[in-house]
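Notes for the one structure printed next.
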Amino acid sequence: MDKRSAYQKEMIRNLVIGSQGFIGRYFCRYLKKLGQEVTPFDIKRNPKEDARHFRFDFYQIDRVYFLAWDVGGSKYLYQAKTQLPQLKWNLRLLENVMLQLEKYHKKFMFASSQLSEEATVYGTVKRLGELWTAQLGGVSIRIWNAYGILEKLDIKSHVISDFVFQAVSKGSIEMMTDGSEWRQFTHLADLSRAFTLVFDQELDNQLYDASSYEKVTVRRIAEMIAKETKAKIIPGKKKGESPPATSQGKLPGWLPQISLKAGVINMIKDARELKGKGQLE
């Protein structure tokens with residue numbers, strides 16, 4: 001066997017379904033830095049890459065990361081007019097991908113959420129994905145409030161990015177609630193490590209949390225950003241609601257390495273360099 005053939009044989013070949021999303025984009029770059037081969041797949045790249053209908057070719061794919069979902073921050077997830085479209089889109093997506101993973105017996109990880117315990121459209125379909133994953137011997141990772149890169153301020157952007165964007169571009173942070181609700185934030189770099197550990201440790205048929213394991217109120221996040229930017233905090237009148245989720249267990253061999261303070265400061269630095277324009281298109 002020549003060196004090229006040996007290299008191709010040893011290189012891990014990954015398919016990332018949902019490669020252009022908030023998490024997927026960062027994760028693909030992470031895999032490439034590890035020297036692994038990445039096959040990106042996302043409807044945002046090409047309308048033909050619609051995972052609700054696409055027939056996948058899993059030949060020469062070692063690992064499948066199922067990240068794709070119609071999702072956004074709380075502004076999007078709970079808006080009344082998005083509920084039925086979310087339900088239809090994600091059910092079709094889930095059925096098409098899962099049936100093919102079952103047919104070809106592929107090793108895969110399903111990106112779930114701590115909100116899978118909520119009786120909502122988003123939570124219910126995510127929970128269905130966890131149950132389906134368990135039946136196929138895959139691993140579900142519950143993601144708790146990912147952060148780490150800037151997003152354009154819109155209906156699908158997330159809270160830390162929103163606050164940083166506002167603080168740097170406007171000098172104020174307008175909150176949707178009073179900020180009393182707690183969250184557990186996890187940096188995208190730490191999440192990326194968690195995803196690859198699923199395969200490196202050959203885990204199967206399990207459900208794990210990928211979380212900071214530290215409860216932080218949204219108000220505390222605003223105060224942290226305001227301290228670094230001198231921005232004014234404008235709380236909302238609505239009382240915040242904390243998630244009802246319970247911990248499913250820590251991922252073996254994994255703990256977050258990036259502190260919330262360090263992650264937020266880096267985002268503020270990026271926002272200043274970009275003049276509050278955001279990184280994502």
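How things are named: the first chain in the structure tokens is A, the next is B, and so on; residues count from 1 in each chain; ligands count from 1 in the order shown.
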
Pick out the residues sitting within 9 Å of range 99-103 of chain A, and hand them over as a PDB file with C-alpha atoms, in the first residue's frame; count only C-alpha atoms, and ignore anything fewer than 6 positions along from it in its own chain.
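Saved to around21.pdb:
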```pdb
ATOM      1  CA  ARG A  55     -30.923  10.193  -0.502  1.00  0.00           C
ATOM      2  CA  PHE A  56     -27.555   9.981   1.209  1.00  0.00           C
ATOM      3  CA  PHE A  58     -22.907   6.849   3.199  1.00  0.00           C
ATOM      4  CA  VAL A  64     -22.334  10.967  10.881  1.00  0.00           C
ATOM      5  CA  LEU A 136     -30.636   2.602  16.443  1.00  0.00           C
TER       6      LEU A 136
END
```

**Study point:** Residue set, range 51-187 of chain A restricted to helix (DSSP H, G or I), as a ChimeraX atom specification
**Key:** /A:74-77,80-104,114-117,121-135,159-170

Practice item. Kindly indicate which residue among A:Asp154, A:Glu130, A:Asp162, A:Glu95 lies nearest to Arg52 in chain A, using only C-alpha atoms for the distances. Key: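 Nearest candidate to Arg52 in chain A out of A:Asp154, A:Glu130, A:Asp162, A:Glu95: A:Glu95.
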
**Study point:** Met176 in chain A surroundings by only C-alpha atoms, 10 Å radius, close-in-sequence under 3 positions cut, as a ChimeraX atom specification
**Key:** /A:74-75,159,173,179,234-240

Point to revise | Contacts of Leu115 in chain A at 10 Å (only C-alpha atoms; same-chain gap of 3+ positions) as number ranges by chain | key: A: 112, 118-120, 122-124, 126-127, 142-145, 243-246

Selection from above, N, CA and C atoms, as a short mmCIF file (atom, residue, chain, number, x, y, z; two decimals), in the first residue's frame, can you write it?
```
data_model
loop_
_atom_site.label_atom_id
_atom_site.label_comp_id
_atom_site.auth_asym_id
_atom_site.auth_seq_id
_atom_site.Cartn_x
_atom_site.Cartn_y
_atom_site.Cartn_z
N SER A 112 -29.25 16.89 20.31
CA SER A 112 -30.52 17.18 20.95
C SER A 112 -30.40 18.46 21.78
N GLU A 118 -39.42 19.71 27.40
CA GLU A 118 -40.54 20.65 27.37
C GLU A 118 -41.67 20.12 26.49
N ALA A 119 -42.90 20.42 26.89
CA ALA A 119 -44.07 20.04 26.08
C ALA A 119 -44.34 21.13 25.04
N THR A 120 -43.37 21.29 24.14
CA THR A 120 -43.47 22.26 23.05
C THR A 120 -43.21 21.54 21.74
N TYR A 122 -40.84 22.21 19.53
CA TYR A 122 -39.41 21.97 19.44
C TYR A 122 -38.98 20.83 20.37
N GLY A 123 -39.39 20.91 21.64
CA GLY A 123 -38.98 19.91 22.61
C GLY A 123 -39.50 18.52 22.31
N THR A 124 -40.75 18.43 21.86
CA THR A 124 -41.36 17.13 21.59
C THR A 124 -40.66 16.40 20.44
N LYS A 126 -37.57 16.95 19.35
CA LYS A 126 -36.22 16.60 19.80
C LYS A 126 -36.25 15.34 20.66
N ARG A 127 -37.25 15.23 21.52
CA ARG A 127 -37.37 14.03 22.35
C ARG A 127 -37.60 12.80 21.48
N ARG A 142 -27.35 16.29 24.54
CA ARG A 142 -28.20 17.44 24.82
C ARG A 142 -27.34 18.69 24.96
N ILE A 143 -27.61 19.64 24.10
CA ILE A 143 -26.86 20.90 24.07
C ILE A 143 -27.58 21.94 24.92
N TRP A 144 -26.82 22.55 25.82
CA TRP A 144 -27.38 23.58 26.68
C TRP A 144 -26.82 24.94 26.27
N ASN A 145 -27.57 25.72 25.57
CA ASN A 145 -27.25 27.13 25.31
C ASN A 145 -25.83 27.35 24.81
N PRO A 243 -35.63 26.64 32.36
CA PRO A 243 -36.02 25.35 31.77
C PRO A 243 -36.32 24.32 32.83
N PRO A 244 -37.26 23.40 32.55
CA PRO A 244 -37.61 22.35 33.51
C PRO A 244 -36.69 21.15 33.43
N ALA A 245 -35.71 21.21 32.56
CA ALA A 245 -34.90 20.03 32.24
C ALA A 245 -34.08 19.53 33.44
N THR A 246 -33.84 18.25 33.45
CA THR A 246 -32.98 17.63 34.45
C THR A 246 -31.75 17.06 33.76
#
```

**Study point:** A:Asn90, A:Thr217, A:Val71, A:Asp204 ranked by distance to Gln135 in chain A, top pick (using only C-alpha atoms)
**Key:**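 Among the listed residues, the smallest separation from Gln135 in chain A belongs to A:Asp204.
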
Check your understanding: Out of range 51-113 of chain A, which residues get strand (DSSP E or B) from DSSP, as a PyMOL selection string?
Key -> chain A and resi 63-66+108-113

Once you have the residues from the selection above, write them out as a PDB file, in the first residue's frame, restricted to N, CA and C atoms.
```
ATOM      1  N   ARG A  63     -18.263   8.541  10.217  1.00  0.00           N
ATOM      2  CA  ARG A  63     -19.041   9.125  11.310  1.00  0.00           C
ATOM      3  C   ARG A  63     -20.066  10.114  10.753  1.00  0.00           C
ATOM      4  N   VAL A  64     -21.276  10.047  11.296  1.00  0.00           N
ATOM      5  CA  VAL A  64     -22.334  10.967  10.881  1.00  0.00           C
ATOM      6  C   VAL A  64     -22.743  11.815  12.082  1.00  0.00           C
ATOM      7  N   TYR A  65     -22.718  13.125  11.885  1.00  0.00           N
ATOM      8  CA  TYR A  65     -23.180  14.061  12.908  1.00  0.00           C
ATOM      9  C   TYR A  65     -24.482  14.675  12.420  1.00  0.00           C
ATOM     10  N   PHE A  66     -25.563  14.380  13.110  1.00  0.00           N
ATOM     11  CA  PHE A  66     -26.889  14.858  12.729  1.00  0.00           C
ATOM     12  C   PHE A  66     -27.184  16.134  13.530  1.00  0.00           C
ATOM     13  N   PHE A 108     -23.650   7.181  14.394  1.00  0.00           N
ATOM     14  CA  PHE A 108     -24.045   8.592  14.330  1.00  0.00           C
ATOM     15  C   PHE A 108     -24.288   9.182  15.712  1.00  0.00           C
ATOM     16  N   MET A 109     -24.219  10.519  15.737  1.00  0.00           N
ATOM     17  CA  MET A 109     -24.547  11.300  16.921  1.00  0.00           C
ATOM     18  C   MET A 109     -25.689  12.238  16.577  1.00  0.00           C
ATOM     19  N   PHE A 110     -26.678  12.299  17.444  1.00  0.00           N
ATOM     20  CA  PHE A 110     -27.827  13.181  17.258  1.00  0.00           C
ATOM     21  C   PHE A 110     -27.706  14.363  18.210  1.00  0.00           C
ATOM     22  N   ALA A 111     -27.758  15.567  17.661  1.00  0.00           N
ATOM     23  CA  ALA A 111     -27.685  16.784  18.477  1.00  0.00           C
ATOM     24  C   ALA A 111     -29.071  17.110  19.018  1.00  0.00           C
ATOM     25  N   SER A 112     -29.249  16.888  20.313  1.00  0.00           N
ATOM     26  CA  SER A 112     -30.523  17.183  20.948  1.00  0.00           C
ATOM     27  C   SER A 112     -30.401  18.458  21.781  1.00  0.00           C
ATOM     28  N   SER A 113     -31.309  18.626  22.715  1.00  0.00           N
ATOM     29  CA  SER A 113     -31.366  19.861  23.488  1.00  0.00           C
ATOM     30  C   SER A 113     -31.933  19.587  24.869  1.00  0.00           C
TER      31      SER A 113
END
```
